[in-house]
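Text of coords_0.cif (mmCIF, C-alpha atoms and all ligand atoms) as supplied:
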data_query
#
loop_
_atom_site.label_atom_id
_atom_site.label_comp_id
_atom_site.auth_asym_id
_atom_site.auth_seq_id
_atom_site.Cartn_x
_atom_site.Cartn_y
_atom_site.Cartn_z
CA MET K 476 52.01 118.12 97.26
CA ALA K 477 53.07 119.22 93.75
CA ARG K 478 54.96 116.58 91.81
CA ILE K 479 58.71 116.78 92.12
CA LYS K 480 60.47 117.89 88.96
CA PHE K 481 63.86 116.40 88.23
CA ALA K 482 66.54 117.12 85.65
CA SER K 483 69.40 114.85 84.71
CA ASP K 484 72.50 115.29 82.57
CA PHE K 485 72.75 111.52 82.31
CA ASP K 486 70.65 109.16 80.31
CA LYS K 487 71.28 106.33 82.77
CA SER K 488 68.48 103.95 83.69
CA VAL K 489 69.60 103.68 87.33
CA LEU K 490 68.86 107.39 87.63
CA LEU K 491 65.83 107.85 85.40
CA ASN K 492 63.99 104.72 86.62
CA ASN K 493 64.65 105.71 90.19
CA PHE K 494 63.13 109.16 89.78
CA GLU K 495 60.25 108.05 87.57
CA ASN K 496 59.34 105.25 89.99
CA ARG K 497 58.90 107.94 92.61
CA GLY K 498 56.36 109.66 90.38
CA TRP K 499 58.72 112.56 89.65
CA ILE K 500 58.53 114.27 86.27
CA GLN K 501 61.52 115.00 84.09
CA VAL K 502 62.20 118.57 82.99
CA SER K 503 65.15 120.17 81.28
CA PRO K 504 68.02 121.57 83.38
CA GLU K 505 66.97 125.02 82.05
CA ASP K 506 63.52 124.58 83.58
CA ASP K 507 62.39 124.97 87.10
CA TRP K 508 63.61 121.70 88.70
CA ASN K 509 63.56 120.53 92.30
CA PHE K 510 66.25 117.90 91.94
CA TYR K 511 69.09 118.01 89.46
CA TRP K 512 71.54 115.14 88.88
CA ALA K 513 74.14 117.21 87.07
CA GLY K 514 77.38 116.35 85.35
CA VAL K 515 80.46 117.95 86.89
CA HIS K 516 80.93 120.13 83.80
CA ASN K 517 77.55 121.81 84.36
CA ILE K 518 77.93 122.57 88.00
CA ARG K 519 80.06 125.62 87.32
CA ASN K 520 77.28 127.13 85.21
CA VAL K 521 74.66 126.59 87.90
CA PHE K 522 76.74 128.37 90.50
CA SER K 523 78.51 130.93 88.35
CA VAL K 524 77.80 134.54 89.22
CA ASP K 525 77.08 135.26 85.56
CA SER K 526 74.24 132.74 85.35
CA GLY K 527 72.19 134.93 87.67
CA PHE K 528 70.69 131.71 88.94
CA ARG K 529 69.65 131.64 92.59
CA LEU K 530 68.68 128.30 94.01
CA GLN K 531 65.43 128.17 95.96
CA ASP K 532 64.71 126.32 99.19
CA ASP K 533 63.12 123.43 97.29
CA GLN K 534 66.06 122.84 94.92
CA PHE K 535 68.73 120.22 95.38
CA ILE K 536 71.75 119.41 93.30
CA ASN K 537 74.27 116.56 93.46
CA HIS K 538 77.57 118.47 93.63
CA PHE K 539 79.12 121.11 95.82
CA PRO K 540 80.26 124.08 93.72
CA ASN K 541 84.00 123.54 94.23
CA HIS K 542 84.05 119.79 94.85
CA VAL K 543 87.32 119.73 92.87
CA GLU K 544 89.12 120.57 96.10
CA LEU K 545 88.54 116.91 96.96
CA THR K 546 88.07 115.32 93.57
CA ARG K 547 90.95 116.66 91.51
CA LYS K 548 94.02 114.54 92.14
CA ASP K 549 96.42 117.44 92.75
CA LEU K 550 94.02 119.51 94.89
CA MET K 551 93.12 116.56 97.11
CA VAL K 552 96.79 115.95 97.83
CA LYS K 553 97.44 119.64 98.42
CA ASN K 554 94.55 119.89 100.88
CA ILE K 555 95.51 116.75 102.77
CA LYS K 556 99.12 117.93 103.05
CA ARG K 557 97.94 121.30 104.35
CA TYR K 558 95.56 119.67 106.82
CA ARG K 559 98.36 117.52 108.26
CA LYS K 560 100.65 120.52 108.52
CA ASP K 561 97.99 122.56 110.32
CA LEU K 562 97.40 119.76 112.84
CA GLU K 563 101.13 119.47 113.34
CA LYS K 564 101.47 123.20 113.95
CA GLU K 565 98.78 123.16 116.58
CA GLY K 566 100.53 120.22 118.29
CA ASN K 567 97.63 117.87 117.68
CA PRO K 568 98.64 114.30 118.64
CA MET K 569 97.02 113.03 115.45
CA ALA K 570 99.90 114.65 113.56
CA GLU K 571 102.52 112.62 115.40
CA LYS K 572 105.47 111.51 113.28
CA ASP K 573 107.87 108.57 113.53
CA GLU K 574 111.67 108.85 113.62
CA THR K 575 111.83 108.97 109.80
CA GLY K 576 109.51 111.98 109.71
CA ARG K 577 106.43 110.05 108.54
CA PHE K 578 103.01 110.77 109.92
CA ILE K 579 102.05 107.81 112.07
CA HIS K 580 98.29 108.26 111.86
CA LEU K 581 97.82 110.45 108.80
CA ASP K 582 100.01 108.67 106.28
CA PHE K 583 97.19 107.43 104.07
CA ILE K 584 97.94 108.85 100.64
CA PRO K 585 100.95 107.63 98.64
CA GLN K 586 103.73 110.21 98.60
CA THR K 587 102.85 112.56 95.75
CA PHE K 588 104.36 115.50 93.87
CA MET K 589 102.76 117.84 91.34
CA LEU K 590 104.42 118.10 87.99
CA PRO K 591 105.77 120.30 86.66
CA ALA K 592 105.65 122.51 89.81
CA ASP K 593 107.42 120.09 92.19
CA TYR K 594 109.83 118.59 89.69
CA ASN K 595 112.97 119.49 91.63
CA LEU K 596 111.54 118.17 94.90
CA PHE K 597 110.58 114.99 93.12
CA VAL K 598 114.08 114.52 91.70
CA GLU K 599 115.56 114.99 95.15
CA GLU K 600 113.22 112.33 96.55
CA PHE K 601 113.80 110.02 93.61
CA ARG K 602 117.56 110.12 94.12
CA LYS K 603 117.15 109.09 97.74
CA ASN K 604 115.43 105.86 96.64
CA PRO K 605 116.37 105.30 93.02
CA ASN K 606 114.82 101.82 92.80
CA THR K 607 111.31 102.96 93.50
CA THR K 608 108.48 102.86 90.95
CA TRP K 609 106.26 105.90 90.52
CA ILE K 610 102.95 106.36 88.77
CA MET K 611 102.26 109.43 86.60
CA LYS K 612 98.65 110.56 86.29
CA PRO K 613 97.19 113.53 84.43
CA CYS K 614 95.09 115.64 86.83
CA GLY K 615 92.32 116.39 84.39
CA LYS K 616 91.63 112.87 83.11
CA ALA K 617 89.95 109.68 84.32
CA ARG K 618 89.44 105.99 83.42
CA GLY K 619 93.17 105.31 83.43
CA ILE K 620 93.78 107.60 80.43
CA GLY K 621 97.30 109.00 80.20
CA ILE K 622 98.64 106.99 83.18
CA PHE K 623 102.06 105.36 83.07
CA LEU K 624 104.65 103.94 85.44
CA VAL K 625 108.23 105.16 85.68
CA ASN K 626 111.28 103.94 87.53
CA LYS K 627 113.96 106.02 85.85
CA LEU K 628 114.37 109.76 85.65
CA SER K 629 115.22 109.41 81.97
CA GLN K 630 111.65 108.24 81.32
CA LEU K 631 110.32 111.45 82.80
CA LYS K 632 112.75 113.53 80.80
CA LYS K 633 111.67 111.71 77.64
CA TRP K 634 108.01 112.30 78.48
CA SER K 635 108.74 115.96 79.05
CA ARG K 636 110.55 116.28 75.71
CA ASP K 637 108.01 114.28 73.70
CA GLY K 638 104.84 115.85 74.91
CA LYS K 639 105.54 119.15 76.50
CA GLY K 640 108.36 120.91 74.74
CA ASN K 641 111.77 120.82 76.33
CA SER K 642 111.15 121.99 79.86
CA PHE K 643 108.67 121.57 82.67
CA THR K 644 107.20 125.01 82.09
CA PRO K 645 104.75 126.53 81.45
CA PRO K 646 101.98 124.33 82.85
CA SER K 647 98.35 124.61 81.92
CA ALA K 648 95.78 123.04 84.22
CA LYS K 649 95.14 120.32 81.68
CA GLU K 650 98.79 119.39 81.47
CA THR K 651 99.36 119.15 85.18
CA TYR K 652 100.30 115.70 86.43
CA VAL K 653 100.70 114.10 89.79
CA ILE K 654 103.45 111.59 90.32
CA SER K 655 102.82 109.23 93.21
CA LYS K 656 104.76 106.47 94.81
CA TYR K 657 103.48 103.27 93.25
CA ILE K 658 102.07 100.82 95.81
CA ASP K 659 104.06 97.87 94.52
CA ASN K 660 103.03 95.44 97.24
CA PRO K 661 99.25 95.35 96.80
CA LEU K 662 97.22 92.73 98.60
CA LEU K 663 96.56 90.05 96.01
CA ILE K 664 93.63 87.70 95.84
CA GLY K 665 94.04 84.76 93.50
CA GLY K 666 97.32 86.42 92.55
CA LYS K 667 95.54 89.50 91.19
CA LYS K 668 95.62 93.14 92.14
CA PHE K 669 92.37 94.89 92.96
CA ASP K 670 91.16 98.19 94.33
CA LEU K 671 88.11 99.11 96.36
CA ARG K 672 85.36 101.41 95.16
CA LEU K 673 83.40 102.78 98.09
CA TYR K 674 80.60 105.34 98.01
CA VAL K 675 80.56 108.16 100.50
CA LEU K 676 77.63 110.55 100.71
CA VAL K 677 78.28 114.01 102.13
CA THR K 678 75.22 116.05 102.99
CA SER K 679 77.10 118.90 104.65
CA PHE K 680 80.72 119.97 105.06
CA ARG K 681 80.11 122.44 107.89
CA PRO K 682 79.22 120.74 110.14
CA LEU K 683 80.60 117.64 108.46
CA LYS K 684 77.99 114.95 107.95
CA ALA K 685 78.89 111.88 105.93
CA TYR K 686 77.60 108.38 105.25
CA MET K 687 79.44 105.28 104.06
CA TYR K 688 77.72 102.83 101.71
CA LYS K 689 77.87 99.18 102.71
CA LEU K 690 77.68 97.84 99.16
CA GLY K 691 81.02 98.90 97.75
CA PHE K 692 83.02 96.52 95.61
CA CYS K 693 86.49 95.35 94.60
CA ARG K 694 87.67 95.70 91.00
CA PHE K 695 90.15 93.06 89.93
CA CYS K 696 92.78 93.06 87.24
CA THR K 697 92.23 90.31 84.71
CA VAL K 698 95.81 89.08 84.76
CA LYS K 699 98.06 88.05 87.62
CA TYR K 700 100.13 90.72 89.31
CA ASN K 701 103.76 90.80 88.38
CA ALA K 702 106.03 93.45 89.86
CA SER K 703 108.87 92.73 87.43
CA LEU K 704 110.17 95.66 85.47
CA ASN K 705 109.35 93.94 82.15
CA GLU K 706 105.68 94.31 82.99
CA LEU K 707 105.87 98.00 83.90
CA ASP K 708 104.08 98.96 80.69
CA ASN K 709 101.38 96.30 81.00
CA MET K 710 98.35 98.23 82.22
CA PHE K 711 96.29 95.03 82.56
CA VAL K 712 98.62 94.14 85.45
CA HIS K 713 98.75 97.51 87.17
CA LEU K 714 95.52 99.47 86.60
CA THR K 715 92.28 98.20 88.08
CA ASN K 716 89.99 100.58 86.12
CA VAL K 717 87.11 98.64 84.57
CA SER K 718 87.48 100.73 81.42
CA ILE K 719 91.02 99.34 81.01
CA GLN K 720 90.34 95.77 82.11
CA LYS K 721 87.31 95.49 79.83
CA GLN K 722 89.63 95.65 76.84
CA GLY K 723 91.62 92.59 78.00
CA ASP K 724 91.10 89.11 76.53
CA ASP K 725 90.44 87.65 79.98
CA TYR K 726 87.67 90.06 80.98
CA ASN K 727 84.66 88.18 82.39
CA ALA K 728 81.41 89.95 81.52
CA ILE K 729 79.39 87.88 84.01
CA HIS K 730 81.06 89.03 87.19
CA GLY K 731 82.83 91.97 85.56
CA GLY K 732 85.98 91.30 87.61
CA LYS K 733 84.11 92.49 90.69
CA TRP K 734 83.63 91.25 94.22
CA THR K 735 81.38 92.81 96.81
CA VAL K 736 82.94 94.33 99.90
CA GLN K 737 81.12 91.67 101.93
CA ASN K 738 82.99 88.99 99.96
CA LEU K 739 86.26 90.73 100.71
CA ARG K 740 85.37 90.90 104.39
CA LEU K 741 84.50 87.19 104.50
CA PHE K 742 87.71 86.34 102.67
CA LEU K 743 89.80 88.38 105.10
CA GLU K 744 87.98 87.04 108.13
CA SER K 745 88.64 83.47 107.06
CA THR K 746 92.26 84.02 105.99
CA ARG K 747 93.44 86.61 108.53
CA GLY K 748 90.83 86.67 111.26
CA LYS K 749 87.96 88.96 112.17
CA GLU K 750 89.99 91.38 114.22
CA VAL K 751 92.37 92.10 111.35
CA SER K 752 89.50 92.54 108.93
CA ASP K 753 87.62 94.87 111.30
CA LYS K 754 90.75 96.93 111.81
CA LEU K 755 91.19 97.35 108.05
CA PHE K 756 87.66 98.67 107.63
CA ASP K 757 88.03 100.88 110.70
CA ASP K 758 91.18 102.32 109.14
CA ILE K 759 89.33 102.97 105.89
CA ASN K 760 86.57 104.80 107.75
CA TRP K 761 89.14 106.79 109.64
CA GLN K 762 91.08 107.91 106.59
CA THR K 763 87.86 108.75 104.76
CA ILE K 764 86.80 111.06 107.56
CA HIS K 765 90.17 112.79 107.56
CA SER K 766 90.16 113.21 103.79
CA LEU K 767 86.83 115.02 104.21
CA LYS K 768 88.00 117.05 107.19
CA ALA K 769 90.95 118.17 105.07
CA VAL K 770 88.55 120.08 102.79
CA THR K 771 85.86 121.29 105.18
CA GLY K 772 87.47 124.71 105.28
CA VAL K 773 87.69 125.12 101.51
CA VAL K 774 84.55 123.55 100.03
CA SER K 775 81.64 126.00 99.74
CA ASN K 776 79.06 124.47 101.98
CA ASP K 777 75.98 125.32 99.96
CA ARG K 778 72.77 124.03 101.59
CA HIS K 779 71.34 123.01 98.22
CA CYS K 780 74.09 120.50 97.61
CA PHE K 781 74.96 116.96 98.46
CA GLU K 782 77.53 114.73 96.86
CA CYS K 783 78.01 110.99 96.48
CA TYR K 784 81.74 110.40 96.02
CA GLY K 785 83.45 107.32 94.66
CA TYR K 786 86.46 106.54 96.86
CA ASP K 787 89.24 104.46 95.30
CA ILE K 788 91.38 102.59 97.80
CA ILE K 789 94.26 100.16 97.41
CA ILE K 790 95.09 97.78 100.23
CA ASP K 791 98.73 96.73 100.50
CA ASP K 792 99.96 93.35 101.67
CA ASN K 793 100.37 94.67 105.22
CA LEU K 794 96.64 95.40 105.07
CA LYS K 795 97.22 99.12 105.10
CA PRO K 796 94.66 101.00 103.01
CA TRP K 797 95.85 103.81 100.74
CA LEU K 798 93.52 106.48 99.42
CA ILE K 799 94.18 106.75 95.69
CA GLU K 800 91.50 109.08 94.46
CA VAL K 801 88.07 110.53 95.10
CA ASN K 802 85.67 110.71 92.14
CA ALA K 803 82.93 113.32 91.95
CA SER K 804 80.96 111.42 89.39
CA PRO K 805 81.45 107.71 90.02
CA SER K 806 80.29 105.64 87.09
CA LEU K 807 76.60 104.74 87.10
CA ALA K 808 77.00 102.46 84.13
CA ALA K 809 76.21 98.87 85.04
CA THR K 810 78.60 96.19 83.83
CA THR K 811 76.62 93.27 85.28
CA SER K 812 73.07 92.72 86.49
CA SER K 813 74.09 92.78 90.16
CA ASP K 814 75.91 96.01 89.42
CA ARG K 815 72.68 97.48 88.06
CA ILE K 816 70.72 96.44 91.15
CA MET K 817 73.37 97.82 93.48
CA LYS K 818 73.60 101.17 91.67
CA TYR K 819 69.83 101.50 91.56
CA ARG K 820 69.72 100.97 95.33
CA LEU K 821 72.57 103.40 95.82
CA ILE K 822 70.71 106.21 94.09
CA SER K 823 67.50 105.33 95.89
CA ASP K 824 69.29 105.37 99.26
CA VAL K 825 70.94 108.71 98.43
CA VAL K 826 67.58 110.28 97.62
CA ASN K 827 66.04 108.90 100.82
CA ILE K 828 68.70 110.67 102.86
CA VAL K 829 68.79 114.02 101.11
CA ILE K 830 65.04 114.52 100.77
CA PRO K 831 62.70 114.37 103.76
CA PRO K 832 60.69 111.14 103.59
CA GLY K 833 57.52 111.55 101.51
CA GLU K 834 58.05 115.26 101.09
CA ALA K 835 59.45 117.73 98.60
CA PRO K 836 63.13 118.75 98.71
CA ASP K 837 63.68 121.34 101.40
CA VAL K 838 67.03 122.84 102.37
CA ARG K 839 65.78 123.28 105.91
CA TRP K 840 65.60 119.48 106.30
CA ASN K 841 68.57 118.42 108.45
CA LYS K 842 69.25 115.27 106.38
CA ILE K 843 69.26 113.02 109.40
CA PRO K 844 66.78 110.32 108.45
CA ASP K 845 65.40 107.64 110.72
CA LYS K 846 67.52 104.53 110.83
CA GLU K 847 65.13 102.66 108.52
CA ASN K 848 65.57 105.36 105.86
CA LEU K 849 69.35 105.01 105.81
CA GLY K 850 69.03 101.99 103.52
CA ASN K 851 72.50 100.60 102.97
CA PHE K 852 74.25 103.70 104.28
CA ASP K 853 75.85 103.85 107.71
CA LEU K 854 76.49 107.13 109.40
CA LEU K 855 80.23 107.67 108.99
CA TYR K 856 80.64 110.98 110.72
CA ASP K 857 78.46 113.62 112.27
CA GLU K 858 80.59 116.50 113.48
CA GLU K 859 78.00 117.71 115.94
CA LEU K 860 77.76 114.30 117.57
CA ALA K 861 81.53 113.86 117.50
CA ASN K 862 81.98 117.21 119.25
CA ALA K 863 79.43 116.27 121.86
CA ASP K 864 81.27 112.98 122.31
CA GLN K 865 84.64 114.74 122.53
CA GLY K 866 83.17 117.05 125.13
CA ALA K 867 82.16 114.03 127.16
CA GLN K 868 85.69 112.68 126.88
CA ASP K 869 87.17 115.98 127.96
CA VAL K 870 84.97 115.89 130.99
CA ARG K 871 86.27 112.40 131.66
CA GLY K 872 89.77 113.85 131.53
CA ALA K 873 90.90 112.60 128.11
CA LYS K 874 93.23 114.79 126.09
CA PRO K 875 91.30 116.73 123.45
CA GLY K 876 92.11 115.65 119.90
CA LEU K 877 93.76 112.36 120.79
CA PRO K 878 94.23 110.23 117.72
CA ASN K 879 91.57 107.66 117.96
CA PRO K 880 89.20 107.19 120.80
CA ALA K 881 86.12 108.62 119.11
CA MET K 882 87.06 107.66 115.61
CA ARG K 883 89.55 104.89 115.12
CA GLY K 884 87.80 101.73 116.11
CA GLY K 885 85.16 102.28 113.47
CA LEU K 886 83.63 105.33 115.02
CA ARG K 887 81.96 103.03 117.43
CA ASP K 888 81.65 105.78 120.01
CA VAL K 889 80.36 108.28 117.52
CA LYS K 890 77.87 105.80 116.12
CA ARG K 891 76.65 104.88 119.54
CA GLY K 892 75.92 108.52 120.11
CA SER K 893 74.10 108.90 116.81
CA GLN K 894 72.03 105.80 117.30
CA ALA K 895 70.73 107.33 120.45
CA THR K 896 69.34 110.20 118.41
CA TRP K 897 67.75 107.81 115.87
CA LYS K 898 65.36 106.42 118.44
N1 LIG D 901 99.86 105.00 93.84
C1 LIG D 901 99.34 103.92 93.23
N2 LIG D 901 99.82 102.69 93.49
C2 LIG D 901 99.32 101.59 92.87
N3 LIG D 901 98.35 101.64 91.95
C3 LIG D 901 97.82 102.84 91.64
C4 LIG D 901 98.28 104.04 92.28
N4 LIG D 901 97.58 105.08 91.76
C5 LIG D 901 96.72 104.54 90.87
N5 LIG D 901 96.86 103.21 90.79
C6 LIG D 901 96.10 102.30 89.90
O1 LIG D 901 95.74 103.03 88.77
C7 LIG D 901 94.32 103.10 88.64
C8 LIG D 901 93.92 104.44 88.09
O2 LIG D 901 94.29 105.47 88.99
P1 LIG D 901 93.31 106.66 89.32
O3 LIG D 901 92.03 106.12 89.87
O4 LIG D 901 94.06 107.61 90.18
O5 LIG D 901 93.14 107.27 87.85
P2 LIG D 901 91.92 107.66 86.95
O6 LIG D 901 92.36 107.53 85.55
O7 LIG D 901 91.46 108.99 87.38
O8 LIG D 901 90.80 106.60 87.26
P3 LIG D 901 89.22 106.86 87.56
O9 LIG D 901 88.52 106.52 86.29
O10 LIG D 901 88.95 105.89 88.70
O11 LIG D 901 89.02 108.25 87.95
C9 LIG D 901 93.79 102.84 90.05
O12 LIG D 901 92.49 102.32 90.01
C10 LIG D 901 94.81 101.84 90.56
O13 LIG D 901 94.53 100.54 90.13
#
What is this structure when it is put down as structure tokens?
Amino acid sequence: MARIKFASDFDKSVLLNNFENRGWIQVSPEDDWNFYWAGVHNIRNVFSVDSGFRLQDDQFINHFPNHVELTRKDLMVKNIKRYRKDLEKEGNPMAEKDETGRFIHLDFIPQTFMLPADYNLFVEEFRKNPNTTWIMKPCGKARGIGIFLVNKLSQLKKWSRDGKGNSFTPPSAKETYVISKYIDNPLLIGGKKFDLRLYVLVTSFRPLKAYMYKLGFCRFCTVKYNASLNELDNMFVHLTNVSIQKQGDDYNAIHGGKWTVQNLRLFLESTRGKEVSDKLFDDINWQTIHSLKAVTGVVSNDRHCFECYGYDIIIDDNLKPWLIEVNASPSLAATTSSDRIMKYRLISDVVNIVIPPGEAPDVRWNKIPDKENLGNFDLLYDEELANADQGAQDVRGAKPGLPNPAMRGGLRDVKRGSQATWK
């Protein structure tokens, strides 16, 4: 077999060492590569009609062409809102609402408006609950840049005047913001706020096939949480981004303010019980699947692509998880040595799933490895298996599309089905 040629837009050791240790040789992105770990900015060039580039059967790349449908803050919200509406229209029980008009099962993103487009709708909502705090986030930025909290309309008006002229028009993509209800009752550990970073590998959107990584982690704020209005501007209290927390005096470079997901699980099992902890992680799996289903119709399902997303989740003090954001290019920088080991294994496990074991990349490979090649990934969702399972339920007389049987409960049914095929 000819040696595999890889290209990378990143000079990160967790990537380069991984590929070199496999005996692959590095080439430039302009050359004839088999495997390209591209930055999101380059993906457009690879797939643009003008580039005249046609990917071959032995070429793989780490982004879907229009991943932004999931990974840009405003588009993710738009797609999830549309998905819920579509389910509601078709009378799907998953779209059931409570007496206040809230989705019972699909209420997993904080209420969000686009600015400037939805400004009037936002004002209407704000006036209904004037004591609520909201978080403003620029759509085209990351690492906490440009984020601020507001609890008065005057702050928004000031922001609009200072930065954007004297009205909410005309928007350019770069100046678009989302404003989301601030989760002001986060679950605290040791008095500190944290969020979860989970990795989700998608190898196909149609049919949907996704894997959840077991080695996610929690990112803690360095200072204790304080919901008082005096602290509204203190980003060390409110934003869990490592890039922000690193700048604080209390940042600990040894553990990097991080806990593994297993630690969180153990903590919850001992403080709240196993059932509660299992339910939380089942809920996270469930909302992850629905966030992906919300974009299956809009993402171009190119066979040469896979994508390893970074999911950011906040858990509130009722142990309800909220999906905050999906990152297309989760950081591969290592802040601690255990971080480096984990990220190295992550990349290795991704490669083992997307490339047939011991062979060259091949788009005809169905990306269903043996169980031993899943590494630290668990199958999260396989649409074909779920449909087969749903069929079985229909035969048993269950209502099609009922909220949870095949999915809530940690996909136990779906997994059972898939394990059968791993044998
Ligand atoms: N609705 C919310 N309620 C509470 N906290 C929030 C909310 N939205 C965001 N945050 C906090 O702000 C941080 C930054 O938000 P977000 O991840 O959306 O922005 P970002 O700048 O794109 O960050 P990233 O670098 O992860 O892409 C989150 O990690 C979280 O701690």
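When only C-alpha atoms and all ligand atoms are used to compute distances to ligand LIG 901 (chain D), the closest of the residues K:Lys556, K:Lys572, K:Arg618, K:Lys795 turns out to be K:Arg618.
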Atom-to-atom span, atom CA of Asp670 of chain K and atom CA of Ser813 of chain K, Å: 18.4 Å
Quick one: residues within 8 Å of Asp791 of chain K, all atoms listed in the file, excluding same-chain residues fewer than 5 positions away - as a VMD selection string? chain K and resid 658 660 to 662 796 to 797
List the neighbours of segment 596-608 of chain K out to 9 Å using all atoms listed in the file; skip same-chain residues closer than 3 positions along the sequence, and give me the result as number ranges by chain. K: 587-590, 592-593, 624-628, 654-659, 707
Could I get the residue neighbourhood of ligand LIG 901 (chain D) at 9 Å, counting all atoms listed in the file, as an NGL selection string? :K and (547-548 or 584-587 or 609-623 or 654-661 or 668-672 or 694-696 or 710 or 712-718 or 785-789 or 797-806)
Please rebuild segment 602-618 of chain K with N, CA and C atoms and give the result as a PDB file, keeping the file's coordinate frame.
ATOM      1  N   ARG K 602     116.132 110.493  93.966  1.00  0.00           N
ATOM      2  CA  ARG K 602     117.560 110.120  94.120  1.00  0.00           C
ATOM      3  C   ARG K 602     117.815 109.438  95.449  1.00  0.00           C
ATOM      4  N   LYS K 603     116.967 109.747  96.436  1.00  0.00           N
ATOM      5  CA  LYS K 603     117.150 109.090  97.740  1.00  0.00           C
ATOM      6  C   LYS K 603     116.845 107.599  97.626  1.00  0.00           C
ATOM      7  N   ASN K 604     115.856 107.261  96.811  1.00  0.00           N
ATOM      8  CA  ASN K 604     115.430 105.860  96.640  1.00  0.00           C
ATOM      9  C   ASN K 604     115.297 105.539  95.160  1.00  0.00           C
ATOM     10  N   PRO K 605     116.434 105.400  94.484  1.00  0.00           N
ATOM     11  CA  PRO K 605     116.370 105.300  93.020  1.00  0.00           C
ATOM     12  C   PRO K 605     115.661 104.055  92.498  1.00  0.00           C
ATOM     13  N   ASN K 606     115.456 103.041  93.332  1.00  0.00           N
ATOM     14  CA  ASN K 606     114.820 101.820  92.800  1.00  0.00           C
ATOM     15  C   ASN K 606     113.308 101.774  92.997  1.00  0.00           C
ATOM     16  N   THR K 607     112.746 102.939  93.231  1.00  0.00           N
ATOM     17  CA  THR K 607     111.310 102.960  93.500  1.00  0.00           C
ATOM     18  C   THR K 607     110.537 103.198  92.189  1.00  0.00           C
ATOM     19  N   THR K 608     109.343 102.611  92.122  1.00  0.00           N
ATOM     20  CA  THR K 608     108.480 102.860  90.950  1.00  0.00           C
ATOM     21  C   THR K 608     107.464 103.939  91.300  1.00  0.00           C
ATOM     22  N   TRP K 609     107.207 104.791  90.340  1.00  0.00           N
ATOM     23  CA  TRP K 609     106.260 105.900  90.520  1.00  0.00           C
ATOM     24  C   TRP K 609     105.182 105.806  89.448  1.00  0.00           C
ATOM     25  N   ILE K 610     104.028 106.389  89.750  1.00  0.00           N
ATOM     26  CA  ILE K 610     102.950 106.360  88.770  1.00  0.00           C
ATOM     27  C   ILE K 610     102.572 107.804  88.405  1.00  0.00           C
ATOM     28  N   MET K 611     102.565 108.080  87.108  1.00  0.00           N
ATOM     29  CA  MET K 611     102.260 109.430  86.600  1.00  0.00           C
ATOM     30  C   MET K 611     100.803 109.468  86.175  1.00  0.00           C
ATOM     31  N   LYS K 612     100.073 110.480  86.639  1.00  0.00           N
ATOM     32  CA  LYS K 612      98.650 110.560  86.290  1.00  0.00           C
ATOM     33  C   LYS K 612      98.269 111.995  85.919  1.00  0.00           C
ATOM     34  N   PRO K 613      97.629 112.180  84.786  1.00  0.00           N
ATOM     35  CA  PRO K 613      97.190 113.530  84.430  1.00  0.00           C
ATOM     36  C   PRO K 613      96.049 113.962  85.353  1.00  0.00           C
ATOM     37  N   CYS K 614      96.097 115.207  85.842  1.00  0.00           N
ATOM     38  CA  CYS K 614      95.090 115.640  86.830  1.00  0.00           C
ATOM     39  C   CYS K 614      93.697 115.747  86.223  1.00  0.00           C
ATOM     40  N   GLY K 615      93.641 116.100  84.954  1.00  0.00           N
ATOM     41  CA  GLY K 615      92.320 116.390  84.390  1.00  0.00           C
ATOM     42  C   GLY K 615      91.692 115.219  83.651  1.00  0.00           C
ATOM     43  N   LYS K 616      92.204 114.003  83.854  1.00  0.00           N
ATOM     44  CA  LYS K 616      91.630 112.870  83.110  1.00  0.00           C
ATOM     45  C   LYS K 616      91.174 111.778  84.062  1.00  0.00           C
ATOM     46  N   ALA K 617      90.441 110.793  83.510  1.00  0.00           N
ATOM     47  CA  ALA K 617      89.950 109.680  84.320  1.00  0.00           C
ATOM     48  C   ALA K 617      90.035 108.395  83.502  1.00  0.00           C
ATOM     49  N   ARG K 618      89.505 107.310  84.055  1.00  0.00           N
ATOM     50  CA  ARG K 618      89.440 105.990  83.420  1.00  0.00           C
ATOM     51  C   ARG K 618      90.811 105.476  82.970  1.00  0.00           C
TER      52      ARG K 618
END
